[in-house]
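For reference, protein_37.cif is printed below; it contains mmCIF, C-alpha atoms and all ligand atoms.
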data_my_file
loop_
_atom_site.label_atom_id
_atom_site.label_comp_id
_atom_site.auth_asym_id
_atom_site.auth_seq_id
_atom_site.Cartn_x
_atom_site.Cartn_y
_atom_site.Cartn_z
CA MET W 1 46.60 3.66 3.09
CA LYS W 2 49.83 1.75 3.03
CA LYS W 3 50.44 -0.48 0.05
CA ALA W 4 51.38 -4.03 0.90
CA ALA W 5 55.04 -4.70 0.14
CA PHE W 6 56.43 -8.08 -0.84
CA ALA W 7 57.45 -10.79 1.57
CA PHE W 8 59.53 -13.56 0.08
CA ILE W 9 59.70 -17.00 1.62
CA THR W 10 60.42 -20.41 0.21
CA THR W 11 58.10 -23.38 0.40
CA SER W 12 61.06 -25.67 1.06
CA ALA W 13 61.87 -23.71 4.17
CA LEU W 14 58.38 -24.37 5.42
CA TYR W 15 57.86 -27.96 4.33
CA GLY W 16 61.37 -29.19 3.51
CA CYS W 17 62.13 -32.17 1.28
CA SER W 18 62.07 -30.38 -2.05
CA ASP W 19 64.81 -30.02 -4.61
CA GLU W 20 63.13 -27.05 -6.13
CA ILE W 21 63.01 -23.81 -4.20
CA PRO W 22 60.18 -21.75 -5.73
CA MET W 23 59.92 -18.19 -4.54
CA VAL W 24 56.52 -17.58 -3.02
CA ASN W 25 55.25 -14.08 -2.88
CA LEU W 26 52.56 -13.62 -0.24
CA GLY W 27 52.33 -9.86 -0.71
CA ILE W 28 52.02 -9.09 3.00
CA ASP W 29 54.68 -7.37 5.14
CA ASP W 30 55.95 -8.52 8.53
CA VAL W 31 54.94 -5.25 10.10
CA TYR W 32 52.81 -2.21 9.28
CA TYR W 33 52.46 1.24 10.79
CA ILE W 34 49.12 2.96 10.05
CA PRO W 35 47.07 5.78 11.60
CA ARG W 36 43.90 4.94 13.52
CA MET W 37 40.61 5.06 11.57
CA GLN W 38 42.35 4.38 8.25
CA LYS W 39 41.92 1.16 6.31
CA LEU W 40 44.76 -1.22 5.47
CA ASP W 41 43.86 -3.21 2.38
CA LEU W 42 45.44 -6.69 2.53
CA HIS W 43 45.55 -8.77 -0.66
CA PRO W 44 47.45 -12.03 -0.28
CA ALA W 45 48.86 -13.21 -3.58
CA LEU W 46 48.51 -16.92 -2.75
CA ILE W 47 45.33 -18.93 -3.12
CA GLY W 48 43.98 -21.98 -1.37
CA GLU W 49 40.76 -23.82 -0.60
CA ARG W 50 39.77 -21.68 2.37
CA TYR W 51 41.10 -18.72 4.35
CA GLU W 52 41.12 -17.51 7.94
CA TRP W 53 42.09 -14.11 9.32
CA TYR W 54 42.71 -13.52 13.01
CA VAL W 55 43.18 -10.27 14.94
CA ASP W 56 44.63 -10.91 18.41
CA ASP W 57 43.57 -14.59 18.10
CA VAL W 58 39.95 -13.79 17.24
CA CYS W 59 38.81 -15.03 13.83
CA VAL W 60 37.50 -12.01 11.91
CA SER W 61 37.08 -13.20 8.32
CA HIS W 62 37.01 -16.21 5.99
CA GLU W 63 37.49 -14.17 2.82
CA LYS W 64 40.71 -14.16 0.84
CA ASP W 65 41.18 -10.39 1.17
CA TYR W 66 40.84 -8.43 4.36
CA ILE W 67 40.55 -4.74 5.22
CA PHE W 68 42.02 -3.97 8.63
CA LEU W 69 40.55 -0.95 10.42
CA ALA W 70 41.00 0.06 14.07
CA ALA W 71 39.64 2.92 16.15
CA GLU W 72 42.14 2.43 18.96
CA GLU W 73 45.88 2.97 18.87
CA GLY W 74 48.09 0.03 19.82
CA CYS W 75 49.76 -3.07 18.43
CA TYR W 76 47.56 -5.69 16.80
CA ARG W 77 48.77 -9.25 16.13
CA LEU W 78 47.40 -10.60 12.85
CA GLU W 79 47.42 -14.12 11.53
CA PHE W 80 46.51 -15.22 8.03
CA LYS W 81 45.93 -18.90 7.28
CA ILE W 82 45.40 -20.60 3.97
CA ILE W 83 43.63 -23.90 4.51
CA ASP W 84 44.68 -26.11 1.62
CA SER W 85 45.44 -29.83 1.42
CA GLU W 86 48.41 -29.24 -0.95
CA THR W 87 49.88 -25.95 0.19
CA PRO W 88 48.64 -24.83 3.60
CA TYR W 89 50.06 -21.59 4.87
CA ASP W 90 50.23 -19.66 8.10
CA PHE W 91 51.60 -16.14 8.41
CA LYS W 92 51.74 -13.88 11.45
CA PHE W 93 52.41 -10.15 11.28
CA ASP W 94 51.97 -6.98 13.34
CA ILE W 95 50.02 -3.82 12.68
CA HIS W 96 50.96 -0.81 14.80
CA VAL W 97 48.08 1.67 14.90
CA LEU W 98 49.28 5.18 15.68
CA HIS W 99 47.71 8.54 16.35
CA GLU W 100 47.25 10.55 13.13
CA GLU W 101 49.98 13.10 12.32
CA VAL W 102 47.47 15.88 11.61
CA GLU W 103 44.54 15.79 14.03
CA TYR W 104 41.33 14.60 12.39
CA SER W 105 38.38 16.91 12.02
CA PRO W 106 35.14 15.54 13.49
CA TYR W 107 33.22 17.41 10.77
CA ILE W 108 32.57 16.95 7.04
CA SER W 109 35.73 17.39 4.98
CA LYS W 110 34.43 16.55 1.51
CA VAL W 111 31.19 16.71 -0.46
CA TYR W 112 31.28 14.11 -3.24
CA GLU W 113 27.86 14.68 -4.84
CA TYR W 114 25.16 17.34 -4.67
CA CYS W 115 22.15 16.27 -6.73
CA PRO W 116 19.04 18.04 -5.42
CA ALA W 117 15.55 17.53 -6.78
CA PRO W 118 13.69 20.67 -7.90
CA GLY W 119 12.45 22.88 -5.05
CA GLN W 120 11.79 26.42 -3.88
CA PHE W 121 15.25 26.71 -2.28
CA ILE W 122 17.14 25.22 -5.23
CA ASN W 123 19.55 27.66 -6.90
CA LYS W 124 19.47 29.62 -3.61
CA MET W 125 20.92 27.16 -1.05
CA PRO W 126 23.60 27.11 -2.40
CA ARG W 127 23.21 30.06 -4.75
CA TYR W 128 23.51 29.51 -8.49
CA GLU W 129 25.32 32.29 -10.32
CA GLU W 130 25.64 32.79 -14.05
CA GLY W 131 28.29 30.47 -15.43
CA ASP W 132 28.13 27.96 -12.57
CA THR W 133 28.62 24.32 -13.52
CA TYR W 134 28.01 21.14 -11.56
CA GLU W 135 31.61 21.36 -10.30
CA THR W 136 31.27 24.90 -8.98
CA ILE W 137 27.90 24.13 -7.35
CA LEU W 138 29.44 21.05 -5.76
CA GLN W 139 32.21 23.22 -4.38
CA LYS W 140 29.65 25.66 -2.97
CA ALA W 141 27.80 22.78 -1.32
CA GLU W 142 31.10 21.64 0.21
CA GLU W 143 31.94 25.13 1.45
CA SER W 144 28.46 25.34 3.01
CA ILE W 145 28.38 22.16 5.09
CA SER W 146 32.04 21.26 5.71
CA GLY W 147 33.76 22.02 8.99
CA THR W 148 31.70 24.32 11.20
CA ASN W 149 30.62 26.63 8.37
CA ASP W 150 27.00 25.72 9.13
CA ILE W 151 25.42 27.09 5.98
CA MET W 152 22.20 25.25 5.21
CA ILE W 153 21.83 23.47 1.87
CA SER W 154 18.51 22.23 0.52
CA LEU W 155 17.98 18.86 -1.16
CA GLY W 156 14.71 19.89 -2.85
CA GLY W 157 11.75 17.54 -3.24
CA TYR W 158 11.66 13.75 -2.92
CA GLY W 159 14.89 11.98 -3.80
CA GLY W 160 17.28 14.94 -3.98
CA TYR W 161 20.56 14.04 -2.25
CA VAL W 162 24.01 14.99 -1.04
CA THR W 163 26.95 12.64 -0.45
CA PHE W 164 29.73 13.61 1.96
CA GLY W 165 32.64 12.18 3.90
CA PHE W 166 35.23 12.90 6.59
CA ASP W 167 39.06 12.93 6.66
CA HIS W 168 39.03 9.39 8.10
CA THR W 169 36.68 6.40 8.27
CA VAL W 170 33.79 6.83 10.73
CA ILE W 171 34.06 3.77 12.96
CA ASN W 172 30.95 1.78 13.86
CA ILE W 173 31.34 1.48 17.63
CA PRO W 174 29.03 -1.32 18.84
CA GLY W 175 26.09 -0.12 20.90
CA GLU W 176 26.78 3.56 20.19
CA LYS W 177 25.54 6.15 17.76
CA ASP W 178 28.35 7.10 15.42
CA PHE W 179 27.58 10.41 13.72
CA ARG W 180 25.21 13.33 13.97
CA ILE W 181 23.61 15.58 11.33
CA TRP W 182 22.17 19.09 11.77
CA GLY W 183 19.02 20.26 9.92
CA ASN W 184 16.50 23.07 10.44
CA ALA W 185 13.49 21.22 11.88
CA PHE W 186 11.38 22.89 14.59
CA TYR W 187 8.32 22.08 16.68
CA GLU W 188 5.45 24.57 16.49
CA LEU W 189 4.79 26.56 19.65
CA LEU W 190 1.14 25.61 20.24
CA ASN W 191 1.62 21.88 20.87
CA PRO W 192 5.34 21.11 21.10
CA ASP W 193 4.61 17.77 22.82
CA GLN W 194 3.05 16.56 19.58
CA ARG W 195 6.47 16.96 17.92
CA GLY W 196 4.91 18.63 14.92
CA GLY W 197 6.03 21.74 13.12
CA SER W 198 8.55 21.59 10.33
CA ALA W 199 9.81 18.01 10.11
CA GLU W 200 11.14 17.21 6.63
CA PRO W 201 12.70 13.78 7.15
CA GLY W 202 15.73 12.87 5.10
CA ILE W 203 16.77 9.24 4.76
CA VAL W 204 20.41 8.36 5.49
CA MET W 205 22.47 5.90 3.47
CA VAL W 206 26.02 4.79 4.22
CA SER W 207 28.81 3.15 2.27
CA TYR W 208 32.18 1.62 3.12
CA ASP W 209 34.99 2.17 0.63
CA THR W 210 35.54 -1.56 0.13
CA ASN W 211 37.56 -1.14 -3.08
CA CYS W 212 39.69 1.44 -1.23
CA ASN W 213 39.80 3.91 -4.15
CA GLY W 214 38.51 6.89 -2.16
CA LEU W 215 35.39 7.20 -4.33
CA PRO W 216 31.75 6.53 -3.42
CA ASP W 217 31.38 3.73 -5.99
CA ASP W 218 30.77 0.91 -3.49
CA GLU W 219 27.55 -0.65 -2.24
CA TRP W 220 25.11 1.63 -0.42
CA TYR W 221 23.07 0.66 2.64
CA GLU W 222 20.07 2.48 4.06
CA LEU W 223 19.98 3.22 7.78
CA ALA W 224 16.60 1.75 8.69
CA GLY W 225 14.85 4.41 10.77
CA SER W 226 11.62 4.06 12.73
CA GLU W 227 9.48 3.90 9.56
CA TYR W 228 11.55 1.44 7.51
CA TYR W 229 9.55 -1.74 8.13
CA LYS W 230 6.10 -0.11 8.28
CA ALA W 231 3.50 -1.06 5.70
CA GLU W 232 2.96 2.54 4.59
CA THR W 233 6.66 2.96 3.71
CA ARG W 234 7.32 2.42 0.03
CA HIS W 235 10.59 0.83 -1.10
CA ASN W 236 12.12 1.04 -4.59
CA TYR W 237 10.10 4.13 -5.40
CA THR W 238 11.16 6.15 -8.45
CA ILE W 239 10.19 9.69 -9.34
CA THR W 240 10.98 11.71 -12.46
CA TYR W 241 10.76 15.51 -12.62
CA ARG W 242 10.56 17.35 -15.93
CA ARG W 243 11.98 20.76 -16.76
CA PRO W 244 9.15 23.34 -16.82
CA ASP W 245 7.58 23.84 -20.22
CA PRO W 246 8.60 27.38 -21.26
CA ASP W 247 5.33 27.71 -23.24
CA ARG W 248 3.01 26.92 -20.32
CA ILE W 249 0.58 29.61 -19.19
CA PRO W 250 1.06 30.04 -15.43
CA GLU W 251 -2.10 29.41 -13.42
CA GLU W 252 -2.72 30.72 -9.90
CA ASP W 253 -4.52 28.92 -7.10
CA ASP W 254 -7.22 30.40 -4.83
CA SER W 255 -4.89 31.01 -1.89
CA GLY W 256 -2.96 33.70 -3.71
CA PHE W 257 0.31 32.14 -2.54
CA LEU W 258 0.84 29.87 -5.54
CA ASP W 259 1.24 31.67 -8.83
CA ASP W 260 2.13 28.71 -11.06
CA ILE W 261 0.42 25.47 -10.04
CA ASN W 262 1.53 23.50 -13.12
CA TYR W 263 5.17 24.48 -12.78
CA ILE W 264 7.28 21.33 -12.61
CA PRO W 265 5.60 18.09 -13.73
CA TRP W 266 6.52 14.84 -12.00
CA SER W 267 5.52 11.20 -12.44
CA ASP W 268 6.37 8.19 -10.30
CA SER W 269 6.73 4.42 -10.45
CA ASP W 270 3.23 3.96 -8.96
CA GLY W 271 1.68 5.62 -11.99
CA ALA W 272 0.91 8.80 -10.07
CA SER W 273 1.74 12.23 -11.41
CA GLY W 274 1.38 15.86 -10.42
CA HIS W 275 3.10 19.21 -10.36
CA MET W 276 5.39 21.05 -8.02
CA ALA W 277 3.91 24.55 -7.86
CA LYS W 278 5.81 27.82 -7.80
CA ASN W 279 4.95 30.11 -4.91
CA THR W 280 5.05 33.88 -4.56
CA PHE W 281 7.87 33.78 -1.97
CA HIS W 282 10.50 32.29 -4.28
CA ASN W 283 10.73 33.46 -7.85
CA GLN W 284 13.96 31.91 -9.06
CA SER W 285 14.04 28.72 -11.13
CA TYR W 286 13.24 25.67 -8.95
CA TYR W 287 14.87 23.35 -11.49
CA PRO W 288 18.65 23.04 -10.89
CA LEU W 289 20.06 25.50 -13.43
CA TRP W 290 23.39 23.70 -13.88
CA ILE W 291 21.61 20.57 -15.14
CA LYS W 292 21.34 20.25 -18.90
CA ALA W 293 19.01 17.22 -18.95
CA ASP W 294 15.27 17.87 -19.25
CA ASN W 295 14.43 15.06 -16.78
CA ILE W 296 15.83 14.15 -13.37
CA SER W 297 15.01 10.80 -11.71
CA PHE W 298 15.56 9.53 -8.18
CA THR W 299 14.98 6.10 -6.63
CA GLY W 300 14.79 5.11 -2.99
CA THR W 301 12.55 4.58 -0.01
CA ARG W 302 9.59 6.92 0.27
CA LEU W 303 8.07 7.67 3.67
CA ALA W 304 4.35 8.27 4.13
CA PRO W 305 3.18 11.91 4.18
CA ASN W 306 3.65 13.54 7.61
CA GLY W 307 1.88 16.87 7.00
CA ILE W 308 -1.61 17.62 8.30
CA ASP W 309 -3.60 20.73 7.39
CA LEU W 310 -4.96 21.74 10.79
CA SER W 311 -6.88 24.69 9.29
CA GLY W 312 -8.78 22.50 6.83
CA THR W 313 -8.36 25.27 4.28
CA GLY W 314 -4.75 24.65 3.30
CA ARG W 315 -3.44 27.52 5.41
CA TYR W 316 -1.88 25.82 8.42
CA TYR W 317 0.09 22.65 7.83
CA VAL W 318 1.91 20.89 10.63
CA LEU W 319 4.57 18.37 9.64
CA TYR W 320 4.96 15.75 12.38
CA ALA W 321 8.34 14.22 13.22
CA TYR W 322 8.87 10.51 12.78
CA ASP W 323 10.22 8.73 15.86
CA TRP W 324 13.92 8.34 15.02
CA GLY W 325 16.50 7.71 12.34
CA TYR W 326 15.99 10.70 9.99
CA VAL W 327 17.70 14.01 9.23
CA ASP W 328 15.87 17.37 9.57
CA ASN W 329 13.15 15.57 11.54
CA HIS W 330 13.63 16.80 15.14
CA PRO W 331 15.09 20.17 16.27
CA ASN W 332 18.88 20.25 16.55
CA GLU W 333 18.86 20.52 20.36
CA TYR W 334 17.69 16.87 20.51
CA ASP W 335 21.14 15.50 19.84
CA GLU W 336 20.15 11.84 20.34
CA LEU W 337 17.31 12.15 17.80
CA ASN W 338 19.71 13.64 15.25
CA SER W 339 22.38 10.97 15.76
CA PHE W 340 22.78 7.78 13.76
CA ASP W 341 24.07 4.28 14.41
CA ILE W 342 25.85 2.58 11.51
CA SER W 343 24.44 -0.68 12.91
CA TRP W 344 21.02 0.35 11.58
CA ALA W 345 22.32 -0.41 8.06
CA VAL W 346 20.26 -2.78 5.91
CA ASP W 347 20.83 -4.10 2.40
CA SER W 348 18.43 -3.63 -0.52
CA GLU W 349 16.34 -6.56 0.78
CA GLY W 350 16.04 -5.07 4.25
CA ASN W 351 18.49 -7.51 5.90
CA LYS W 352 20.77 -6.17 8.61
CA VAL W 353 24.36 -5.63 7.51
CA HIS W 354 27.41 -5.29 9.72
CA LEU W 355 29.74 -2.51 8.60
CA PRO W 356 33.01 -1.87 10.50
CA GLY W 357 32.75 1.81 9.54
CA VAL W 358 31.64 4.15 6.77
CA ASP W 359 33.52 6.44 4.40
CA PHE W 360 30.52 7.95 2.65
CA VAL W 361 27.19 9.24 3.96
CA ARG W 362 24.27 10.17 1.72
CA VAL W 363 21.11 12.01 2.75
CA TYR W 364 18.03 12.31 0.53
CA THR W 365 14.61 13.87 0.94
CA GLY W 366 12.30 11.04 2.03
CA LEU W 367 8.83 12.38 1.23
CA ASN W 368 6.98 13.36 -1.92
CA GLN W 369 4.62 15.84 -0.33
CA TYR W 370 3.24 19.28 -1.09
CA CYS W 371 1.79 21.42 1.72
CA GLY W 372 0.06 24.51 0.32
CA TRP W 373 2.05 27.69 0.66
CA LEU W 374 4.76 25.84 2.62
CA GLY W 375 5.51 24.17 -0.68
CA GLU W 376 7.20 20.86 -1.26
CA THR W 377 8.72 19.02 1.68
CA SER W 378 12.51 19.20 1.35
CA THR W 379 15.28 18.07 3.66
CA GLU W 380 17.89 20.65 4.64
CA LEU W 381 21.19 20.11 6.42
CA SER W 382 24.14 22.23 7.51
CA ARG W 383 26.66 20.05 9.35
CA ALA W 384 27.65 16.53 10.31
CA GLN W 385 29.95 15.23 13.03
CA ASP W 386 31.75 11.99 13.76
CA LEU W 387 30.85 11.36 17.41
CA HIS W 388 34.02 9.33 18.02
CA ILE W 389 36.52 12.16 17.45
CA ALA W 390 37.12 14.27 20.54
CA LEU W 391 36.54 18.00 20.14
CA PRO W 392 39.53 20.14 21.21
CA GLY W 393 39.48 20.43 25.00
CA ILE W 394 36.40 18.22 25.40
CA PRO W 395 37.05 14.55 26.19
CA LEU W 396 34.69 11.94 24.75
CA PRO W 397 32.11 10.62 27.22
CA ASP W 398 33.05 7.34 28.83
CA PRO W 399 30.47 4.78 27.60
CA LEU W 400 30.90 2.74 30.82
CA LYS W 401 29.64 5.61 32.99
CA CA N 501 27.50 2.13 16.21
CA CA N 502 35.20 3.15 -3.56
CA CA N 503 13.77 21.62 6.69
#

Hey, can you dump this file as structure tokens for me?
Amino acid sequence: MKKAAFAFITTSALYGCSDEIPMVNLGIDDVYYIPRMQKLDLHPALIGERYEWYVDDVCVSHEKDYIFLAAEEGCYRLEFKIIDSETPYDFKFDIHVLHEEVEYSPYISKVYEYCPAPGQFINKMPRYEEGDTYETILQKAEESISGTNDIMISLGGYGGYVTFGFDHTVINIPGEKDFRIWGNAFYELLNPDQRGGSAEPGIVMVSYDTNCNGLPDDEWYELAGSEYYKAETRHNYTITYRRPDPDRIPEEDDSGFLDDINYIPWSDSDGASGHMAKNTFHNQSYYPLWIKADNISFTGTRLAPNGIDLSGTGRYYVLYAYDWGYVDNHPNEYDELNSFDISWAVDSEGNKVHLPGVDFVRVYTGLNQYCGWLGETSTELSRAQDLHIALPGIPLPDPLK
């Protein structure tokens, strides 16, 4: 991001008839050169009653500050007006948007947070080794899902999340899906038309780096998928998991697949409580070993259970995919059903929000569900891609065709 330099002008030059010549510092340059898909943070130093920003004669904002962001290379004519009865102001300047010097990657370049809930794949995907800290686990998560490394990470039970970003801002192109995420969902072979099998829907949140500090400390917006407005979807749901009691006496269930049914206690904001069981397939700790706290809490939207025990005896669960808008919900070959439109973003009240792009993407497990020997439902993911960056040798599809 280019820092705004100082532009000096005098009010007398603009309005005349003054003996005094105060120096006025607008804080905006006459011309800028920036790469595409990078924000330019404009902070005028002057104040007035109202403000207007124009890009190529189209009014784009009435705020005092403006973040310019463009997907396309070219020259953009900007105009900034201060509407004020005493000291009105009008300033025109140019922004030249250029191709980046080092070609952007369409894939994840950074993992900012990896905070899984407990689960049977935790401490395995990625693998915890003696001496690991949060920082080293975070680095392992980044090495797993960045670029085309395609190593699956697990988010554990309800609420567990990962936050990642790209080497540029993902632009919200109107009418188009903007990024894609790979999971490990599959449809079972008996009735693939039913779209059931292993669907472990993860909810996507997005954030725009509005304070331009490169950190995910800005407002988050949920991408409202097919279930968002349904009555059975629970918003502002909180769950707390507790570290297993080392003095508990492990108890088996009748199936023989669960050898510790009171393993990890949880309680939620609805007053419900239960346990995540330990199964015979995974014997490592399910509680993240790098976490010192004895409790972990998560808050978000919780989707209704999607698993049905077709056997009636707890031995054959099918987890049905929701229609659209979730990660690890449909098999990866359904690229449309694994792609996301930033225009689905809603605020905490469920109102639609327009975001010009996103710098941070968060995915969290959307269900609190336990399915016999399959264990807890947990979202997995291995890769994400900005759909607006051309892959080497493959041109982007023309949306007009
Ligand atoms: Ca879009
Ligand atoms: Ca920020
Ligand atoms: Ca999965």

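Minimum atom-to-atom distance to ligand CA 502 (chain N), evaluated using only C-alpha atoms and all ligand atoms, belongs to W:Gly165 out of W:Gly165, W:Pro88, W:Gly183, W:Pro288.
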
**Residues within 8 Å of ligand CA 503 (chain N), counting all atoms listed in the file, as a VMD selection string** = chain W and resid 154 183 to 185 198 to 201 328 to 329 377 to 381

**Shell of 10 Å around ligand CA 502 (chain N) (all atoms listed in the file), written as JSON, numbers by chain** = {"W": [207, 208, 209, 210, 211, 212, 213, 214, 215, 216, 217, 218, 219, 359, 360]}

Prev. selection, C-alpha atoms, output as a tab-separated table (two decimals), in the frame of the given file:
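Final output, again_13.tsv:
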chain	number	residue	atom	x	y	z
W	207	SER	CA	28.81	3.15	2.27
W	208	TYR	CA	32.18	1.62	3.12
W	209	ASP	CA	34.99	2.17	0.63
W	210	THR	CA	35.54	-1.56	0.13
W	211	ASN	CA	37.56	-1.14	-3.08
W	212	CYS	CA	39.69	1.44	-1.23
W	213	ASN	CA	39.80	3.91	-4.15
W	214	GLY	CA	38.51	6.89	-2.16
W	215	LEU	CA	35.39	7.20	-4.33
W	216	PRO	CA	31.75	6.53	-3.42
W	217	ASP	CA	31.38	3.73	-5.99
W	218	ASP	CA	30.77	0.91	-3.49
W	219	GLU	CA	27.55	-0.65	-2.24
W	359	ASP	CA	33.52	6.44	4.40
W	360	PHE	CA	30.52	7.95	2.65

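Atom to atom, atom CA of W:Ile153 and atom CA of W:Phe257 stand 23.6 Å apart.
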
**Prompt:** Which value, in Å to one decimal, gives the distance between atom CA of W:Cys75 and atom CA of W:Val97?
**Reply:** 6.1 Å

**Request:** Using all atoms listed in the file, find each residue with an atom at most 9 Å away from ligand CA 501 (chain N) and format the answer as a list in words.
**Result:** Ile171, Asn172, Ile173, Pro174, Gly175, Glu176, Lys177, Asp178, Phe179, Phe340, Asp341, Ile342, Ser343, Trp344, Pro356 and Gly357 of chain W

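Distances to W:Pro35 were evaluated for W:Val60, W:Leu98, W:Leu78, W:Leu155 using all atoms listed in the file, and the minimum falls at W:Leu98.
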
Taking the partial coordinates given, rebuild stretch 223-246 of chain W to contain N, CA and C atoms; return it as a PDB file, keeping the file's coordinate frame.
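Below is the file rebuild_23.pdb, written as the result:
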ATOM      1  N   LEU W 223      20.147   3.351   6.326  1.00  0.00           N
ATOM      2  CA  LEU W 223      19.980   3.220   7.780  1.00  0.00           C
ATOM      3  C   LEU W 223      18.475   3.141   8.024  1.00  0.00           C
ATOM      4  N   ALA W 224      18.039   1.990   8.521  1.00  0.00           N
ATOM      5  CA  ALA W 224      16.600   1.750   8.690  1.00  0.00           C
ATOM      6  C   ALA W 224      16.111   2.509   9.914  1.00  0.00           C
ATOM      7  N   GLY W 225      15.426   3.614   9.684  1.00  0.00           N
ATOM      8  CA  GLY W 225      14.850   4.410  10.770  1.00  0.00           C
ATOM      9  C   GLY W 225      13.541   3.813  11.236  1.00  0.00           C
ATOM     10  N   SER W 226      12.835   4.577  12.075  1.00  0.00           N
ATOM     11  CA  SER W 226      11.620   4.060  12.730  1.00  0.00           C
ATOM     12  C   SER W 226      10.541   3.633  11.739  1.00  0.00           C
ATOM     13  N   GLU W 227      10.564   4.175  10.525  1.00  0.00           N
ATOM     14  CA  GLU W 227       9.480   3.900   9.560  1.00  0.00           C
ATOM     15  C   GLU W 227       9.809   2.765   8.591  1.00  0.00           C
ATOM     16  N   TYR W 228      11.067   2.294   8.598  1.00  0.00           N
ATOM     17  CA  TYR W 228      11.550   1.440   7.510  1.00  0.00           C
ATOM     18  C   TYR W 228      10.674   0.219   7.248  1.00  0.00           C
ATOM     19  N   TYR W 229      10.274  -0.468   8.318  1.00  0.00           N
ATOM     20  CA  TYR W 229       9.550  -1.740   8.130  1.00  0.00           C
ATOM     21  C   TYR W 229       8.032  -1.558   8.137  1.00  0.00           C
ATOM     22  N   LYS W 230       7.548  -0.321   8.220  1.00  0.00           N
ATOM     23  CA  LYS W 230       6.100  -0.110   8.280  1.00  0.00           C
ATOM     24  C   LYS W 230       5.454  -0.299   6.908  1.00  0.00           C
ATOM     25  N   ALA W 231       4.195  -0.744   6.948  1.00  0.00           N
ATOM     26  CA  ALA W 231       3.500  -1.060   5.700  1.00  0.00           C
ATOM     27  C   ALA W 231       3.342   0.160   4.799  1.00  0.00           C
ATOM     28  N   GLU W 232       3.200   1.347   5.400  1.00  0.00           N
ATOM     29  CA  GLU W 232       2.960   2.540   4.590  1.00  0.00           C
ATOM     30  C   GLU W 232       4.235   3.103   3.967  1.00  0.00           C
ATOM     31  N   THR W 233       5.387   2.519   4.309  1.00  0.00           N
ATOM     32  CA  THR W 233       6.660   2.960   3.710  1.00  0.00           C
ATOM     33  C   THR W 233       6.872   2.216   2.408  1.00  0.00           C
ATOM     34  N   ARG W 234       7.205   2.972   1.381  1.00  0.00           N
ATOM     35  CA  ARG W 234       7.320   2.420   0.030  1.00  0.00           C
ATOM     36  C   ARG W 234       8.800   2.264  -0.304  1.00  0.00           C
ATOM     37  N   HIS W 235       9.201   1.054  -0.715  1.00  0.00           N
ATOM     38  CA  HIS W 235      10.590   0.830  -1.100  1.00  0.00           C
ATOM     39  C   HIS W 235      10.704   0.765  -2.631  1.00  0.00           C
ATOM     40  N   ASN W 236      11.882   1.049  -3.136  1.00  0.00           N
ATOM     41  CA  ASN W 236      12.120   1.040  -4.590  1.00  0.00           C
ATOM     42  C   ASN W 236      11.154   1.946  -5.330  1.00  0.00           C
ATOM     43  N   TYR W 237      10.981   3.129  -4.801  1.00  0.00           N
ATOM     44  CA  TYR W 237      10.100   4.130  -5.400  1.00  0.00           C
ATOM     45  C   TYR W 237      10.942   5.012  -6.317  1.00  0.00           C
ATOM     46  N   THR W 238      10.430   5.285  -7.507  1.00  0.00           N
ATOM     47  CA  THR W 238      11.160   6.150  -8.450  1.00  0.00           C
ATOM     48  C   THR W 238      10.292   7.323  -8.842  1.00  0.00           C
ATOM     49  N   ILE W 239      10.897   8.499  -8.885  1.00  0.00           N
ATOM     50  CA  ILE W 239      10.190   9.690  -9.340  1.00  0.00           C
ATOM     51  C   ILE W 239      10.998  10.348 -10.447  1.00  0.00           C
ATOM     52  N   THR W 240      10.310  10.940 -11.406  1.00  0.00           N
ATOM     53  CA  THR W 240      10.980  11.710 -12.460  1.00  0.00           C
ATOM     54  C   THR W 240      10.357  13.095 -12.529  1.00  0.00           C
ATOM     55  N   TYR W 241      11.203  14.114 -12.459  1.00  0.00           N
ATOM     56  CA  TYR W 241      10.760  15.510 -12.620  1.00  0.00           C
ATOM     57  C   TYR W 241      11.135  15.956 -14.018  1.00  0.00           C
ATOM     58  N   ARG W 242      10.263  16.805 -14.604  1.00  0.00           N
ATOM     59  CA  ARG W 242      10.560  17.350 -15.930  1.00  0.00           C
ATOM     60  C   ARG W 242      10.819  18.857 -15.830  1.00  0.00           C
ATOM     61  N   ARG W 243      11.712  19.319 -16.677  1.00  0.00           N
ATOM     62  CA  ARG W 243      11.980  20.760 -16.760  1.00  0.00           C
ATOM     63  C   ARG W 243      10.671  21.479 -17.106  1.00  0.00           C
ATOM     64  N   PRO W 244      10.403  22.643 -16.512  1.00  0.00           N
ATOM     65  CA  PRO W 244       9.150  23.340 -16.820  1.00  0.00           C
ATOM     66  C   PRO W 244       9.047  23.660 -18.306  1.00  0.00           C
ATOM     67  N   ASP W 245       7.842  23.518 -18.819  1.00  0.00           N
ATOM     68  CA  ASP W 245       7.580  23.840 -20.220  1.00  0.00           C
ATOM     69  C   ASP W 245       7.596  25.363 -20.363  1.00  0.00           C
ATOM     70  N   PRO W 246       8.518  25.911 -21.172  1.00  0.00           N
ATOM     71  CA  PRO W 246       8.600  27.380 -21.260  1.00  0.00           C
ATOM     72  C   PRO W 246       7.333  27.991 -21.876  1.00  0.00           C
TER      73      PRO W 246
END
